[in-house]
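Participant: Sharing my_file-v4.cif, mmCIF, C-alpha atoms and all ligand atoms:
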```
data_query
#
loop_
_atom_site.label_atom_id
_atom_site.label_comp_id
_atom_site.auth_asym_id
_atom_site.auth_seq_id
_atom_site.Cartn_x
_atom_site.Cartn_y
_atom_site.Cartn_z
CA MET A 1435 48.73 19.63 -38.01
CA SER A 1436 48.14 16.09 -36.82
CA ALA A 1437 47.52 14.56 -33.42
CA GLU A 1438 48.56 11.10 -32.29
CA PHE A 1439 46.81 9.77 -29.23
CA SER A 1440 45.40 6.67 -27.61
CA MET A 1441 41.97 5.96 -26.24
CA THR A 1442 40.03 2.91 -25.19
CA VAL A 1443 37.26 2.02 -27.61
CA ASN A 1444 34.87 -0.74 -26.64
CA GLY A 1445 37.46 -2.15 -24.24
CA ARG A 1446 40.37 -2.05 -26.68
CA THR A 1447 43.20 0.47 -26.58
CA VAL A 1448 43.68 2.10 -29.95
CA THR A 1449 46.23 4.64 -31.11
CA VAL A 1450 45.36 6.93 -33.98
CA ASP A 1451 47.19 9.66 -35.84
CA VAL A 1452 44.68 12.06 -37.32
CA ALA A 1453 44.26 15.70 -38.24
CA ALA A 1454 44.15 17.77 -35.08
CA ASP A 1455 40.73 19.16 -36.02
CA GLU A 1456 39.22 15.76 -36.79
CA THR A 1457 36.03 14.80 -35.02
CA LEU A 1458 35.58 11.70 -32.94
CA LEU A 1459 32.78 10.55 -35.28
CA HIS A 1460 35.06 10.51 -38.29
CA VAL A 1461 37.83 8.74 -36.40
CA LEU A 1462 35.39 6.07 -35.29
CA ARG A 1463 33.82 5.64 -38.70
CA ASP A 1464 36.75 6.22 -41.06
CA GLU A 1465 39.79 5.09 -39.07
CA LEU A 1466 38.33 2.38 -36.84
CA LEU A 1467 35.53 1.34 -39.21
CA LEU A 1468 32.97 1.51 -36.45
CA THR A 1469 30.05 2.77 -38.50
CA GLY A 1470 27.30 2.25 -35.94
CA ALA A 1471 27.38 5.90 -34.92
CA LYS A 1472 25.66 7.69 -37.78
CA GLU A 1473 26.46 10.94 -39.51
CA GLY A 1474 23.22 12.85 -39.64
CA CYS A 1475 23.30 16.61 -39.32
CA ASP A 1476 27.03 16.78 -38.51
CA GLU A 1477 26.21 19.86 -36.43
CA GLY A 1478 25.36 18.52 -32.99
CA GLU A 1479 21.61 18.74 -33.53
CA CYS A 1480 20.22 15.25 -34.18
CA GLY A 1481 22.04 12.83 -31.87
CA ALA A 1482 22.50 10.15 -34.54
CA CYS A 1483 26.23 10.18 -33.80
CA THR A 1484 25.89 9.70 -30.04
CA VAL A 1485 28.59 7.64 -28.34
CA LEU A 1486 29.65 7.51 -24.70
CA VAL A 1487 32.86 9.12 -23.52
CA ASP A 1488 33.68 8.06 -19.99
CA GLY A 1489 30.07 6.93 -19.72
CA LYS A 1490 28.49 10.21 -20.81
CA PRO A 1491 26.64 10.67 -24.11
CA VAL A 1492 28.32 13.06 -26.53
CA ASP A 1493 27.60 14.17 -30.07
CA SER A 1494 30.68 12.68 -31.65
CA CYS A 1495 30.23 14.81 -34.79
CA ILE A 1496 31.26 17.89 -32.84
CA TYR A 1497 33.53 16.21 -30.29
CA PRO A 1498 37.17 16.93 -31.16
CA ALA A 1499 38.89 13.59 -31.54
CA PRO A 1500 42.02 14.60 -29.59
CA ALA A 1501 39.78 15.39 -26.61
CA ALA A 1502 39.20 11.63 -26.32
CA ALA A 1503 42.87 11.01 -25.55
CA GLY A 1504 43.14 8.74 -22.54
CA ARG A 1505 39.37 8.38 -22.28
CA THR A 1506 37.01 5.46 -22.60
CA VAL A 1507 34.73 5.51 -25.64
CA SER A 1508 31.76 3.20 -26.05
CA THR A 1509 29.91 2.73 -29.30
CA ILE A 1510 26.90 0.65 -30.25
CA GLU A 1511 29.23 -2.09 -31.51
CA GLY A 1512 30.57 -2.59 -27.99
CA LEU A 1513 27.24 -3.23 -26.32
CA VAL A 1514 26.37 -6.68 -27.56
CA GLY A 1515 27.76 -9.50 -25.43
CA SER A 1516 30.37 -11.95 -26.73
CA ASP A 1517 27.59 -14.53 -26.85
CA GLY A 1518 25.42 -12.20 -28.92
CA SER A 1519 23.23 -11.21 -25.99
CA LEU A 1520 21.57 -7.83 -26.11
CA THR A 1521 21.65 -5.23 -23.38
CA PRO A 1522 18.35 -4.39 -21.66
CA ILE A 1523 17.95 -1.27 -23.78
CA GLN A 1524 18.69 -3.12 -27.01
CA ARG A 1525 16.22 -5.82 -26.01
CA ALA A 1526 13.64 -3.15 -25.18
CA PHE A 1527 13.91 -1.71 -28.69
CA VAL A 1528 13.47 -5.13 -30.26
CA ASP A 1529 10.64 -6.27 -28.03
CA GLY A 1530 8.89 -2.89 -28.14
CA PHE A 1531 9.13 -2.51 -31.94
CA ALA A 1532 10.84 0.82 -31.29
CA VAL A 1533 12.75 0.86 -34.58
CA GLN A 1534 11.56 1.90 -38.01
CA CYS A 1535 14.26 3.02 -40.44
CA GLY A 1536 16.85 2.54 -37.69
CA PHE A 1537 19.06 5.50 -38.58
CA CYS A 1538 18.57 7.16 -35.22
CA THR A 1539 18.57 3.94 -33.21
CA PRO A 1540 22.27 3.65 -32.26
CA GLY A 1541 22.19 7.18 -30.88
CA PHE A 1542 19.03 6.54 -28.90
CA VAL A 1543 20.39 3.27 -27.53
CA MET A 1544 23.63 4.91 -26.39
CA THR A 1545 21.84 7.82 -24.72
CA LEU A 1546 19.43 5.48 -22.97
CA THR A 1547 22.22 3.13 -21.94
CA ALA A 1548 23.87 6.01 -20.12
CA LEU A 1549 20.54 7.01 -18.57
CA ILE A 1550 19.78 3.64 -17.01
CA GLU A 1551 23.36 3.34 -15.75
CA GLU A 1552 22.60 6.40 -13.64
CA ASN A 1553 18.91 5.81 -13.06
CA SER A 1554 17.65 2.25 -13.36
CA LYS A 1555 14.00 3.30 -12.94
CA PRO A 1556 13.57 6.42 -15.06
CA THR A 1557 10.21 8.11 -15.32
CA GLU A 1558 8.75 9.12 -18.65
CA ARG A 1559 9.93 12.64 -17.93
CA ASP A 1560 13.48 11.40 -17.19
CA ILE A 1561 13.50 9.54 -20.50
CA ARG A 1562 12.17 12.49 -22.46
CA GLU A 1563 14.75 14.80 -20.87
CA ALA A 1564 17.58 12.37 -21.59
CA LEU A 1565 16.44 12.11 -25.20
CA SER A 1566 16.10 15.85 -25.74
CA GLY A 1567 19.13 15.78 -28.06
CA ASN A 1568 18.09 12.73 -30.07
CA LEU A 1569 15.79 13.19 -33.04
CA CYS A 1570 13.70 10.52 -34.75
CA ARG A 1571 11.74 11.12 -37.93
CA CYS A 1572 9.84 7.87 -37.90
CA THR A 1573 8.57 6.62 -34.58
CA GLY A 1574 6.92 9.62 -32.99
CA TYR A 1575 8.97 8.70 -29.89
CA SER A 1576 6.14 7.01 -28.02
CA THR A 1577 7.14 3.47 -28.95
CA ILE A 1578 10.69 4.20 -27.79
CA ILE A 1579 9.58 5.68 -24.49
CA ASP A 1580 7.05 2.90 -23.87
CA ALA A 1581 9.69 0.28 -24.65
CA VAL A 1582 12.12 1.74 -22.16
CA LEU A 1583 9.46 2.15 -19.48
CA THR A 1584 8.33 -1.44 -19.95
CA ALA A 1585 11.87 -2.78 -19.84
CA THR A 1586 12.89 -0.83 -16.76
CA GLU A 1587 9.68 -1.69 -14.93
CA GLU A 1588 10.24 -5.36 -15.68
CA ARG A 1589 13.75 -5.15 -14.18
CA SER A 1590 12.47 -4.02 -10.79
S1 LIG B 1 25.27 13.85 -36.64
FE1 LIG B 1 25.97 14.48 -34.69
S2 LIG B 1 24.30 15.49 -33.77
FE2 LIG B 1 23.63 15.03 -35.80
S1 LIG B 2 13.57 5.10 -36.69
FE1 LIG B 2 13.87 6.33 -38.47
S2 LIG B 2 14.75 8.18 -37.71
FE2 LIG B 2 14.24 7.05 -35.94
#
```
Take the structure in the file and give it back as structure tokens.

Facilitator:
Amino acid sequence: MSAEFSMTVNGRTVTVDVAADETLLHVLRDELLLTGAKEGCDEGECGACTVLVDGKPVDSCIYPAPAAAGRTVSTIEGLVGSDGSLTPIQRAFVDGFAVQCGFCTPGFVMTLTALIEENSKPTERDIREALSGNLCRCTGYSTIIDAVLTATEERS
């Protein structure tokens, strides 16, 4: 059985016709060729596939694609400005050397983007709680947390 539906992805309305049990991650990567969201565990455990649906982080590998019908989806590709400018969280990762292999980075950036939309001055605890569903094998997390704290303190 297939499902045809429309959603807004990074500001653009798209209509897709996919298998009814398809996940949002595979629609983004395979149909829309937006490969920034990564396929890690494919079981909702690692957060590498995190995108925002109506501003909230979701594990797109377990998010049924038809559930995005009529919703607004944001991926890492949609964050950078038309002039190439980075968002504060993206800039924090660059300036804070918070990336090693980079596989987890899009998921972390999306989760943290949602966090600072709701809370522009998160504490370390807020950041750690927000990131509880995002796993990183490389950084040990401290460079990521320090980068976000530095960036959000500088914004005040
Ligand atoms: S790939 Fe989705 S949570 Fe791991
Ligand atoms: S930077 Fe390699 S998994 Fe996070």

Participant: Could you please determine the separation between CA of Met1544 in chain A and CA of Cys1480 in chain A in Å, to one decimal place?

Facilitator: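 The value is 13.4 Å.
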
Participant: Using only C-alpha atoms and all ligand atoms, which residues have at least one atom no more than 7 Å from ligand LIG 2 (chain B)? Output them as a compact mmCIF listing (two decimals) with C-alpha atoms, in the frame of the given file.

Facilitator:
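Result file follows (out.txt):
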```
# COMPACT_ATOMS: atom_id res chain seq x y z
CA VAL A 1533 12.75 0.86 -34.58
CA GLN A 1534 11.56 1.90 -38.01
CA CYS A 1535 14.26 3.02 -40.44
CA GLY A 1536 16.85 2.54 -37.69
CA PHE A 1537 19.06 5.50 -38.58
CA CYS A 1538 18.57 7.16 -35.22
CA THR A 1539 18.57 3.94 -33.21
CA LEU A 1569 15.79 13.19 -33.04
CA CYS A 1570 13.70 10.52 -34.75
CA ARG A 1571 11.74 11.12 -37.93
CA CYS A 1572 9.84 7.87 -37.90
CA THR A 1573 8.57 6.62 -34.58
```

Participant: Would you name the residues within 7 Å of ligand LIG 1 (chain B), counting all atoms listed in the file, and put them as a list in words?

Facilitator: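 These are the residues that qualify: Lys1472, Glu1473, Gly1474, Cys1475, Asp1476, Glu1477, Gly1478, Glu1479, Cys1480, Gly1481, Ala1482, Cys1483, Thr1484, Asp1493, Ser1494, Cys1495 and Ile1496 of chain A.
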
Participant: Any idea what the distance is between CA of Asp1464 in chain A and CA of Tyr1497 in chain A?

Facilitator: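 Here the two named atoms are 15.0 Å from each other.
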
Participant: Ranking A:Glu1438, A:Glu1465, A:Glu1587, A:Asp1580 by minimum distance to Pro1500 in chain A and counting all atoms listed in the file, which one comes first?

Facilitator: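 Smallest distance to Pro1500 in chain A is found for A:Glu1438.
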
Participant: Can I get the residues of range 1468-1503 of chain A within 9 Å of range 1545-1557 of chain A, each with the closest pair of atoms and their distance in Å to one decimal, using all atoms listed in the file, sorted chain first then ascending number, as a tab-separated table?

Facilitator:
```
residue	atom	partner	partner_atom	distance
A:Gly1481	CA	A:Thr1545	CA	8.7
A:Thr1484	CA	A:Thr1545	CA	6.9
A:Val1485	CA	A:Thr1545	CA	7.7
A:Leu1486	CA	A:Ala1548	CA	7.5
A:Gly1489	CA	A:Ala1548	CA	6.3
A:Lys1490	CA	A:Ala1548	CA	6.3
A:Pro1491	CA	A:Thr1545	CA	5.6
A:Val1492	CA	A:Thr1545	CA	8.5
```

Participant: Using all atoms listed in the file, find the one residue out of A:Val1487, A:Leu1565, A:Met1435, A:Val1443 that sits nearest to Leu1462 in chain A.

Facilitator: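 Closest to Leu1462 in chain A of all the choices is A:Val1443.
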
Participant: In Å, how far is it from CA of Phe1527 in chain A to CA of Gly1470 in chain A?

Facilitator: 15.7 Å

Participant: Nearest to Thr1449 in chain A among A:Ala1532, A:Ala1499, A:Leu1583, A:Ile1523, with distances taken over all atoms listed in the file: which residue is it?

Facilitator: A:Ala1499

Participant: Range 1439-1442 of chain A: which residues within 10 Å, counting all atoms listed in the file, same-chain residues fewer than 5 positions away excluded, as a PDB file with C-alpha atoms, in the coordinates of the input?

Facilitator:
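After the write, selection.pdb holds the following:
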```
ATOM      1  CA  THR A1447      43.200   0.470 -26.580  1.00  0.00           C
ATOM      2  CA  VAL A1448      43.680   2.100 -29.950  1.00  0.00           C
ATOM      3  CA  THR A1449      46.230   4.640 -31.110  1.00  0.00           C
ATOM      4  CA  VAL A1450      45.360   6.930 -33.980  1.00  0.00           C
ATOM      5  CA  ASP A1451      47.190   9.660 -35.840  1.00  0.00           C
ATOM      6  CA  VAL A1452      44.680  12.060 -37.320  1.00  0.00           C
ATOM      7  CA  VAL A1487      32.860   9.120 -23.520  1.00  0.00           C
ATOM      8  CA  ASP A1488      33.680   8.060 -19.990  1.00  0.00           C
ATOM      9  CA  ALA A1499      38.890  13.590 -31.540  1.00  0.00           C
ATOM     10  CA  PRO A1500      42.020  14.600 -29.590  1.00  0.00           C
ATOM     11  CA  ALA A1501      39.780  15.390 -26.610  1.00  0.00           C
ATOM     12  CA  ALA A1502      39.200  11.630 -26.320  1.00  0.00           C
ATOM     13  CA  ALA A1503      42.870  11.010 -25.550  1.00  0.00           C
ATOM     14  CA  GLY A1504      43.140   8.740 -22.540  1.00  0.00           C
ATOM     15  CA  ARG A1505      39.370   8.380 -22.280  1.00  0.00           C
ATOM     16  CA  THR A1506      37.010   5.460 -22.600  1.00  0.00           C
ATOM     17  CA  VAL A1507      34.730   5.510 -25.640  1.00  0.00           C
ATOM     18  CA  SER A1508      31.760   3.200 -26.050  1.00  0.00           C
TER      19      SER A1508
END
```
